[in-house]
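**Student:** Pasting target_7.cif below, which is mmCIF, C-alpha atoms.
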data_protein
loop_
_atom_site.label_atom_id
_atom_site.label_comp_id
_atom_site.auth_asym_id
_atom_site.auth_seq_id
_atom_site.Cartn_x
_atom_site.Cartn_y
_atom_site.Cartn_z
CA MET A 94 -8.28 17.58 28.27
CA ARG A 95 -5.43 16.00 26.31
CA GLU A 96 -4.20 14.31 29.49
CA HIS A 97 -7.29 12.08 29.27
CA ASP A 98 -6.72 10.98 25.68
CA ALA A 99 -4.25 8.20 26.41
CA ASP A 100 -6.38 6.86 29.28
CA ASP A 101 -9.40 6.78 27.00
CA LEU A 102 -7.44 4.91 24.34
CA VAL A 103 -6.40 2.24 26.84
CA LEU A 104 -10.02 1.90 27.94
CA ILE A 105 -11.55 1.59 24.48
CA GLU A 106 -8.84 -0.73 23.17
CA GLN A 107 -9.31 -3.14 26.05
CA ALA A 108 -13.09 -3.03 25.65
CA VAL A 109 -12.95 -3.56 21.89
CA ARG A 110 -10.61 -6.52 22.22
CA GLU A 111 -12.98 -8.08 24.76
CA ALA A 112 -15.90 -7.40 22.43
CA GLY A 113 -13.99 -9.31 19.78
CA ASP A 114 -14.53 -12.49 21.78
CA ILE A 115 -18.27 -11.97 21.45
CA ALA A 116 -18.04 -11.43 17.69
CA ARG A 117 -15.89 -14.54 17.25
CA HIS A 118 -18.45 -16.58 19.17
CA PHE A 119 -21.12 -15.77 16.57
CA TYR A 120 -18.90 -15.61 13.46
CA GLY A 121 -19.60 -18.44 11.05
CA GLY A 122 -22.28 -19.94 13.30
CA GLU A 123 -26.03 -19.79 13.75
CA TYR A 124 -27.61 -16.58 15.00
CA ARG A 125 -30.67 -14.41 14.44
CA ARG A 126 -30.59 -11.85 11.65
CA TRP A 127 -33.09 -9.34 10.23
CA SER A 128 -33.33 -6.00 8.39
CA LYS A 129 -33.63 -2.55 9.91
CA ASN A 130 -35.99 0.15 8.67
CA ARG A 131 -33.51 1.30 6.02
CA GLY A 132 -33.16 -2.27 4.77
CA GLU A 133 -29.71 -2.62 6.30
CA PRO A 134 -28.86 -6.00 7.86
CA VAL A 135 -28.47 -6.45 11.59
CA THR A 136 -27.70 -9.54 13.62
CA GLU A 137 -27.83 -10.88 17.12
CA ALA A 138 -24.06 -10.36 17.19
CA ASP A 139 -24.37 -6.61 16.47
CA LEU A 140 -26.66 -6.17 19.45
CA ALA A 141 -24.58 -8.36 21.78
CA VAL A 142 -21.38 -6.43 21.01
CA ASP A 143 -23.20 -3.11 21.29
CA ARG A 144 -24.69 -4.02 24.67
CA PHE A 145 -21.32 -5.13 26.03
CA LEU A 146 -19.53 -1.98 24.88
CA ARG A 147 -22.21 0.31 26.22
CA GLU A 148 -22.14 -1.29 29.66
CA ARG A 149 -18.34 -1.51 29.79
CA LEU A 150 -17.53 1.98 28.54
CA LEU A 151 -20.24 3.97 30.32
CA ALA A 152 -19.48 2.21 33.59
CA ALA A 153 -15.92 3.54 33.29
CA ARG A 154 -16.93 6.99 31.98
CA PRO A 155 -20.48 7.72 33.26
CA GLY A 156 -20.27 11.38 32.26
CA TYR A 157 -19.57 10.68 28.57
CA GLY A 158 -22.18 10.79 25.83
CA TRP A 159 -23.00 7.79 23.67
CA LEU A 160 -23.90 7.33 20.00
CA SER A 161 -24.03 3.89 18.40
CA GLU A 162 -25.32 2.49 15.14
CA GLU A 163 -27.62 0.24 17.13
CA GLY A 164 -28.46 2.68 19.90
CA GLY A 165 -30.86 5.19 18.33
CA GLU A 166 -30.65 8.78 19.57
CA LYS A 167 -27.49 10.17 21.11
CA GLU A 168 -27.41 9.89 24.89
CA ARG A 169 -26.19 12.90 26.93
CA PRO A 170 -25.81 15.11 23.82
CA ASP A 171 -24.36 17.97 25.89
CA ALA A 172 -21.48 15.91 27.29
CA ALA A 173 -18.01 17.28 26.56
CA ARG A 174 -16.89 13.85 25.36
CA SER A 175 -18.83 11.05 23.71
CA PHE A 176 -18.26 7.50 22.62
CA MET A 177 -19.10 6.85 18.97
CA VAL A 178 -19.53 3.14 18.27
CA ASP A 179 -20.18 0.72 15.44
CA PRO A 180 -20.37 -2.72 17.06
CA ILE A 181 -19.93 -4.51 13.75
CA ASP A 182 -19.01 -2.31 10.80
CA GLY A 183 -19.41 -4.49 7.73
CA THR A 184 -22.33 -6.66 8.82
CA THR A 185 -22.70 -7.92 5.23
CA ALA A 186 -19.22 -9.46 5.41
CA PHE A 187 -19.95 -10.85 8.86
CA LEU A 188 -23.09 -12.55 7.52
CA LYS A 189 -21.04 -14.17 4.74
CA ALA A 190 -18.29 -15.21 7.21
CA LYS A 191 -15.77 -13.02 5.40
CA PRO A 192 -13.09 -11.44 7.62
CA HIS A 193 -13.71 -7.92 6.28
CA PHE A 194 -15.60 -6.41 9.22
CA SER A 195 -14.46 -4.49 12.27
CA ILE A 196 -15.50 -3.27 15.70
CA THR A 197 -14.90 0.46 15.91
CA VAL A 198 -14.99 2.96 18.79
CA ALA A 199 -13.98 6.62 18.88
CA VAL A 200 -13.98 9.23 21.62
CA ILE A 201 -15.29 12.54 20.27
CA GLU A 202 -14.57 15.99 21.70
CA SER A 203 -15.56 19.25 19.99
CA ALA A 204 -16.68 17.36 16.85
CA ARG A 205 -13.30 15.67 16.40
CA PRO A 206 -12.04 12.20 17.40
CA VAL A 207 -9.33 12.27 20.08
CA ALA A 208 -8.90 8.51 20.50
CA GLY A 209 -9.99 5.69 18.22
CA VAL A 210 -9.75 1.95 17.68
CA VAL A 211 -10.64 -0.21 14.68
CA TYR A 212 -10.38 -3.92 15.48
CA ASN A 213 -10.78 -6.88 13.14
CA PRO A 214 -11.27 -9.79 15.57
CA ILE A 215 -10.81 -12.46 12.90
CA THR A 216 -7.48 -11.25 11.51
CA GLU A 217 -6.45 -9.95 14.97
CA GLU A 218 -5.57 -6.52 13.55
CA CYS A 219 -6.04 -3.77 16.11
CA PHE A 220 -5.50 -0.27 14.72
CA ALA A 221 -5.39 2.47 17.36
CA ALA A 222 -4.62 6.17 17.58
CA VAL A 223 -4.68 9.05 20.01
CA ARG A 224 -4.36 12.65 18.88
CA ALA A 225 -0.83 13.99 18.55
CA LEU A 226 0.73 10.60 19.43
CA GLY A 227 0.52 8.70 16.15
CA SER A 228 -1.20 5.51 15.02
CA ARG A 229 -0.36 1.88 15.74
CA LEU A 230 -1.23 -1.58 14.53
CA ASN A 231 -0.95 -4.15 17.32
CA GLY A 232 1.42 -1.79 19.13
CA ARG A 233 3.69 -0.97 16.18
CA GLY A 234 3.79 2.46 14.58
CA ILE A 235 2.21 2.76 11.14
CA HIS A 236 2.27 5.32 8.32
CA VAL A 237 0.38 5.88 5.10
CA SER A 238 2.09 5.04 1.83
CA ASP A 239 3.99 7.66 -0.14
CA SER A 240 2.14 6.90 -3.39
CA ALA A 241 1.98 9.95 -5.63
CA SER A 242 0.21 8.52 -8.69
CA ILE A 243 -3.34 7.39 -9.34
CA VAL A 244 -2.10 5.07 -12.07
CA GLY A 245 -1.42 1.68 -10.52
CA CYS A 246 -2.37 2.76 -7.01
CA ARG A 247 -3.93 0.30 -4.57
CA ILE A 248 -7.37 1.71 -3.84
CA LEU A 249 -10.32 0.50 -1.80
CA GLY A 250 -13.81 1.08 -3.14
CA PRO A 251 -16.61 -0.58 -5.12
CA LYS A 252 -15.37 -1.77 -8.52
CA ASP A 253 -18.71 -0.91 -10.12
CA MET A 254 -18.33 2.68 -8.93
CA PHE A 255 -15.01 3.10 -10.72
CA ALA A 256 -16.40 1.35 -13.83
CA HIS A 257 -19.56 3.49 -14.04
CA PRO A 258 -20.03 4.89 -17.59
CA GLY A 259 -20.63 8.36 -16.16
CA TRP A 260 -16.89 8.79 -15.70
CA SER A 261 -16.58 9.08 -19.52
CA THR A 262 -18.83 12.15 -19.61
CA PRO A 263 -16.94 15.49 -19.33
CA PRO A 264 -15.93 17.10 -17.04
CA ASN A 265 -15.43 13.61 -15.58
CA THR A 266 -12.43 11.53 -16.60
CA PRO A 267 -12.29 7.72 -16.83
CA TRP A 268 -10.18 6.10 -14.15
CA PRO A 269 -6.77 4.71 -15.16
CA ASP A 270 -5.65 1.16 -14.36
CA MET A 271 -5.60 0.71 -10.58
CA GLN A 272 -5.52 -2.18 -8.15
CA ILE A 273 -9.11 -1.98 -6.87
CA GLU A 274 -10.33 -4.01 -3.92
CA GLN A 275 -13.33 -3.82 -1.63
CA ARG A 276 -13.91 -4.35 2.08
CA SER A 277 -17.39 -4.15 3.60
CA SER A 278 -16.23 -2.13 6.61
CA VAL A 279 -15.51 1.52 5.85
CA ALA A 280 -13.55 1.82 9.10
CA TYR A 281 -11.40 -1.18 8.15
CA ARG A 282 -10.72 0.32 4.71
CA MET A 283 -9.49 3.51 6.34
CA ALA A 284 -7.30 1.61 8.79
CA LEU A 285 -5.70 -0.38 5.97
CA VAL A 286 -4.83 2.90 4.25
CA ALA A 287 -3.34 4.21 7.50
CA ALA A 288 -1.09 1.16 7.69
CA GLY A 289 0.12 1.59 4.09
CA MET A 290 -1.45 -1.72 2.99
CA PHE A 291 -3.50 0.28 0.50
CA ASP A 292 -2.80 3.72 -0.92
CA ALA A 293 -6.29 5.21 -0.77
CA ALA A 294 -9.97 4.64 -0.07
CA LEU A 295 -12.86 6.39 -1.75
CA VAL A 296 -16.53 6.58 -0.74
CA LEU A 297 -19.01 8.58 -2.85
CA SER A 298 -22.18 7.71 -0.96
CA ALA A 299 -23.48 8.83 2.41
CA LYS A 300 -22.19 6.99 5.47
CA ARG A 301 -22.79 7.46 9.17
CA ASP A 302 -20.43 9.14 11.61
CA TRP A 303 -19.68 5.88 13.40
CA ASP A 304 -18.40 4.38 10.13
CA MET A 305 -15.60 6.94 9.89
CA ALA A 306 -14.83 8.60 13.24
CA ALA A 307 -12.14 6.22 14.49
CA GLY A 308 -10.71 5.72 11.00
CA ASP A 309 -10.47 9.48 10.48
CA LEU A 310 -8.14 9.85 13.46
CA ILE A 311 -6.12 6.72 12.66
CA VAL A 312 -5.44 7.90 9.09
CA ARG A 313 -4.54 11.45 10.08
CA GLU A 314 -2.26 10.32 12.90
CA ALA A 315 -0.56 8.01 10.39
CA GLY A 316 0.33 11.03 8.23
CA GLY A 317 -2.64 10.82 5.87
CA MET A 318 -5.49 13.09 4.82
CA VAL A 319 -9.22 12.50 5.27
CA THR A 320 -11.87 14.78 3.76
CA THR A 321 -15.10 14.74 1.83
CA HIS A 322 -14.76 14.52 -1.95
CA ASP A 323 -14.62 18.34 -2.19
CA GLY A 324 -11.88 18.69 0.42
CA THR A 325 -13.94 19.52 3.52
CA ALA A 326 -12.64 18.11 6.80
CA LEU A 327 -14.96 15.66 8.53
CA ALA A 328 -16.79 16.78 11.68
CA PHE A 329 -18.66 14.38 13.93
CA GLY A 330 -21.61 14.41 16.29
CA SER A 331 -23.97 16.84 14.56
CA ALA A 332 -27.73 16.49 14.86
CA VAL A 333 -27.70 14.48 11.61
CA PRO A 334 -24.66 12.20 11.97
CA ILE A 335 -24.01 11.60 8.27
CA GLN A 336 -20.90 12.09 6.12
CA ARG A 337 -21.71 12.61 2.43
CA SER A 338 -18.44 11.20 1.06
CA MET A 339 -14.89 10.29 2.07
CA VAL A 340 -11.43 10.34 0.51
CA CYS A 341 -8.42 9.15 2.46
CA ALA A 342 -4.83 8.75 1.28
CA GLY A 343 -1.35 10.09 1.79
CA PRO A 344 -1.09 13.86 1.10
CA ALA A 345 0.19 13.64 -2.49
CA LEU A 346 -2.32 11.05 -3.68
CA HIS A 347 -5.16 12.70 -1.75
CA ALA A 348 -4.57 15.94 -3.66
CA LEU A 349 -4.63 14.10 -7.00
CA LEU A 350 -7.86 12.33 -6.13
CA LEU A 351 -9.53 15.60 -5.15
CA GLU A 352 -8.52 17.16 -8.47
CA ARG A 353 -10.37 14.35 -10.23
CA ILE A 354 -13.60 14.31 -8.19
CA ARG A 355 -14.16 17.55 -6.29
CA HIS A 356 -16.45 18.97 -9.01
CA ILE A 357 -18.97 16.13 -8.58
CA VAL A 358 -22.37 17.09 -7.18
CA LEU A 359 -23.66 14.28 -4.99
CA PRO A 360 -27.31 13.76 -3.99
CA GLN A 361 -28.39 15.56 -0.85
CA ARG A 362 -27.92 13.37 2.20
#
Could you quickly redo this structure as C-alpha cells?
**Tutor:**
Amino acid sequence: MREHDADDLVLIEQAVREAGDIARHFYGGEYRRWSKNRGEPVTEADLAVDRFLRERLLAARPGYGWLSEEGGEKERPDAARSFMVDPIDGTTAFLKAKPHFSITVAVIESARPVAGVVYNPITEECFAAVRALGSRLNGRGIHVSDSASIVGCRILGPKDMFAHPGWSTPPNTPWPDMQIEQRSSVAYRMALVAAGMFDAALVLSAKRDWDMAAGDLIVREAGGMVTTHDGTALAFGSAVPIQRSMVCAGPALHALLLERIRHIVLPQR
C-alpha cells in the first residue's frame, strides 16, 4: 500500500496545520484545565484539537483505525491502517505558554509508522516524513547530525536524569560534559534531532505510542536510529500502547549511547 503513503502525508499535514489554528487560539489565554486519572494535565485545547482531527481525518479515511491520547480505547483495532494522534504533546509547556509543544499524527501499518507529522504551531516548524522518501522541515530536506562523540554533544532530556547519583555506581558511568536541554514534547525532541538541531534525545521512562510514532519515522527517514535503551526497534499499536524507553540519534552516536545504557534494568511498564 505504499502508493497511499504520500496521499496520507498530504492529508495529515493539512489537518495538523489547520489544528494549529485551534491551538494558537487557546495558547497564552484563558481556558479550562484539569488532571486526568494518572495525574497528567489536560486542557480544553487538547480536546478541541483532538475533536477536530478525529472528524477531519476519519471523514477522509473512514476505514482507518484511530488511537489518540484523549480518545480512550482504539477504534477499529482490526483496520489495516490507523491514525495515531497526540493533539497536544507537551501539555505542561502549553500550560506555561512555552513554545515547546507539538501536534503529532502518524499513520500506522503493520505496527510501523508509514507517514508522520510533528507540528509546532507557535514556532511554525512542521516536520514531516513518509517511508522511503525522507524527512522534511517546512518542505526542505533534513538529516540527523554526524556527531560521533558523547562528550560535548547536544542532547535532549531531563537534566536531573543525567545528574542522578546512580550513574556513579558501577556498572554505570557518570555522564561527561554535554549540552543538555529539555523540551516537554517527546515528539518535538525527536523532530529536532531529525533536523540536526540536536544530536540525540534520551528517554528512560515509559511513554505512550502517540508520543513517539511520528517522531520515530521522521528520525529514521532523516538517517537516524530510534530504539529502546537496549536496542530494540519500536513497534506501535499493541494492546498496551506503551514504549518503555527511547534513544534517538545519528548511527554513530546512537551506538555509543547504547553502549553506556543498554545494561540498565528499568521498572516494568
**Student:** Can you list, as a ChimeraX atom specification, the residues that the PyMOL selection byres ((chain A and resi 113) around 9) selects here?
**Tutor:** /A:108-112,114-118,142,195-196,212-215,217
**Student:** Can you write just those residues out, C-alpha atoms, as a PDB file, keeping the file's coordinate frame?
**Tutor:**
ATOM      1  CA  ALA A 108     -13.090  -3.030  25.650  1.00  0.00           C
ATOM      2  CA  VAL A 109     -12.950  -3.560  21.890  1.00  0.00           C
ATOM      3  CA  ARG A 110     -10.610  -6.520  22.220  1.00  0.00           C
ATOM      4  CA  GLU A 111     -12.980  -8.080  24.760  1.00  0.00           C
ATOM      5  CA  ALA A 112     -15.900  -7.400  22.430  1.00  0.00           C
ATOM      6  CA  ASP A 114     -14.530 -12.490  21.780  1.00  0.00           C
ATOM      7  CA  ILE A 115     -18.270 -11.970  21.450  1.00  0.00           C
ATOM      8  CA  ALA A 116     -18.040 -11.430  17.690  1.00  0.00           C
ATOM      9  CA  ARG A 117     -15.890 -14.540  17.250  1.00  0.00           C
ATOM     10  CA  HIS A 118     -18.450 -16.580  19.170  1.00  0.00           C
ATOM     11  CA  VAL A 142     -21.380  -6.430  21.010  1.00  0.00           C
ATOM     12  CA  SER A 195     -14.460  -4.490  12.270  1.00  0.00           C
ATOM     13  CA  ILE A 196     -15.500  -3.270  15.700  1.00  0.00           C
ATOM     14  CA  TYR A 212     -10.380  -3.920  15.480  1.00  0.00           C
ATOM     15  CA  ASN A 213     -10.780  -6.880  13.140  1.00  0.00           C
ATOM     16  CA  PRO A 214     -11.270  -9.790  15.570  1.00  0.00           C
ATOM     17  CA  ILE A 215     -10.810 -12.460  12.900  1.00  0.00           C
ATOM     18  CA  GLU A 217      -6.450  -9.950  14.970  1.00  0.00           C
TER      19      GLU A 217
END
**Student:** Have a look at A:Ile235, A:Val296, A:Cys219, A:Val198 and name the one nearest to A:Asp143; count all atoms listed in the file.
**Tutor:** A:Val198
**Student:** Could you work out how far atom CA of A:Val207 lies from atom CA of A:Phe329, giving the answer in Å with one decimal?
**Tutor:**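 Separation between atom CA of A:Phe329 and atom CA of A:Val207: 11.4 Å.
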**Student:** Pick out the residues sitting within 9 Å of stretch 310-324 of chain A, and hand them over as an MDAnalysis selection string; count all atoms listed in the file, and ignore anything fewer than 3 positions along from it in its own chain.
**Tutor:** chainID A and resid 199 205:211 220:229 234:238 283:288 295:297 305:307 327 336:344 347:348 350:352 354:357
**Student:** Could you spell out the hits of the PyMOL selection byres ((chain A and resi 127-141) around 7) on the shown file, as a PDB file with C-alpha atoms, in the frame of the given file?
**Tutor:**
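Written out: out-v8.pdb:
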ATOM      1  CA  ALA A 116     -18.040 -11.430  17.690  1.00  0.00           C
ATOM      2  CA  PHE A 119     -21.120 -15.770  16.570  1.00  0.00           C
ATOM      3  CA  TYR A 124     -27.610 -16.580  15.000  1.00  0.00           C
ATOM      4  CA  ARG A 125     -30.670 -14.410  14.440  1.00  0.00           C
ATOM      5  CA  ARG A 126     -30.590 -11.850  11.650  1.00  0.00           C
ATOM      6  CA  VAL A 142     -21.380  -6.430  21.010  1.00  0.00           C
ATOM      7  CA  ASP A 143     -23.200  -3.110  21.290  1.00  0.00           C
ATOM      8  CA  ARG A 144     -24.690  -4.020  24.670  1.00  0.00           C
ATOM      9  CA  PHE A 145     -21.320  -5.130  26.030  1.00  0.00           C
ATOM     10  CA  GLU A 163     -27.620   0.240  17.130  1.00  0.00           C
ATOM     11  CA  PRO A 180     -20.370  -2.720  17.060  1.00  0.00           C
ATOM     12  CA  ILE A 181     -19.930  -4.510  13.750  1.00  0.00           C
ATOM     13  CA  THR A 184     -22.330  -6.660   8.820  1.00  0.00           C
ATOM     14  CA  THR A 185     -22.700  -7.920   5.230  1.00  0.00           C
TER      15      THR A 185
END
**Student:** To one decimal in Å, tell me the separation between atom CA of A:Gly158 and atom CA of A:Ala172.
**Tutor:**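 Rounded to one decimal, the two atoms are 5.4 Å apart.
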**Student:** Could you jot down the atom CA of A:Leu249 to atom CA of A:Ala294 separation for me, Å, one decimal place?
**Tutor:** 4.5 Å
**Student:** Using all atoms listed in the file, can you tell me which of A:Asp304, A:Glu274, A:Asp98, A:Asp309 comes closest to A:Asp182?
**Tutor:**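 Closest to A:Asp182 of all the choices is A:Asp304.
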**Student:** Need to verify the contact set: A:Pro267, 10 Å, all atoms listed in the file, exclusion of same-chain residues closer than 6 positions in sequence. Can you return it as a count of residues only?
**Tutor:** 8
**Student:** For the PyMOL selection byres ((chain A and resi 152-156) around 10), applied here, can you spell out every residue it catches as a list in words?
**Tutor:**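 Checking the PyMOL selection byres ((chain A and resi 152-156) around 10) against this file, the residues are Asp101, Leu104, Leu146, Arg147, Glu148, Arg149, Leu150, Leu151, Tyr157, Gly158, Trp159, Arg169, Ala172, Ala173, Arg174, Ser175 and Phe176 of chain A.
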**Student:** Show me, as a list in words, the residues that have an atom within 6 Å of stretch 186-194 of chain A when counting all atoms listed in the file, minus same-chain residues fewer than 3 positions from it.
**Tutor:**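 After dropping sequence-adjacent residues, the list is Gly121, Asp182, Gly183, Ile215, Arg276, Ser277 and Ser278 of chain A.
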**Student:** Counting all atoms listed in the file, which of A:Glu166, A:Asp179, A:Asp100, A:Glu106 gets nearest to A:Leu230?
**Tutor:**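 Going through A:Glu166, A:Asp179, A:Asp100, A:Glu106 one by one, the smallest distance to A:Leu230 is for A:Glu106.
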**Student:** Keeping N, CA and C atoms, write stretch 113-124 of chain A of the structure just shown out as a compact mmCIF listing (two decimals), in the first residue's frame.
**Tutor:**
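Output saved as part.txt:
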# COMPACT_ATOMS: atom_id res chain seq x y z
N GLY A 113 -3.42 23.55 14.14
CA GLY A 113 -2.56 24.55 14.77
C GLY A 113 -3.28 25.86 15.03
N ASP A 114 -4.21 26.21 14.17
CA ASP A 114 -5.00 27.43 14.40
C ASP A 114 -5.80 27.34 15.69
N ILE A 115 -6.31 26.15 15.97
CA ILE A 115 -7.07 25.95 17.21
C ILE A 115 -6.16 26.09 18.42
N ALA A 116 -4.98 25.47 18.36
CA ALA A 116 -4.04 25.56 19.47
C ALA A 116 -3.60 26.99 19.71
N ARG A 117 -3.34 27.73 18.65
CA ARG A 117 -2.92 29.13 18.80
C ARG A 117 -4.03 29.98 19.42
N HIS A 118 -5.27 29.64 19.15
CA HIS A 118 -6.39 30.38 19.72
C HIS A 118 -6.38 30.30 21.25
N PHE A 119 -6.04 29.13 21.78
CA PHE A 119 -6.03 28.94 23.23
C PHE A 119 -4.71 29.37 23.87
N TYR A 120 -3.62 29.25 23.15
CA TYR A 120 -2.27 29.44 23.70
C TYR A 120 -2.11 30.81 24.37
N GLY A 121 -1.70 30.78 25.62
CA GLY A 121 -1.48 32.02 26.35
C GLY A 121 -2.73 32.71 26.84
N GLY A 122 -3.90 32.10 26.64
CA GLY A 122 -5.16 32.72 27.04
C GLY A 122 -5.81 32.00 28.20
N GLU A 123 -7.11 32.19 28.32
CA GLU A 123 -7.89 31.56 29.39
C GLU A 123 -8.62 30.35 28.82
N TYR A 124 -8.53 29.24 29.52
CA TYR A 124 -9.21 28.02 29.08
C TYR A 124 -9.30 27.08 30.27
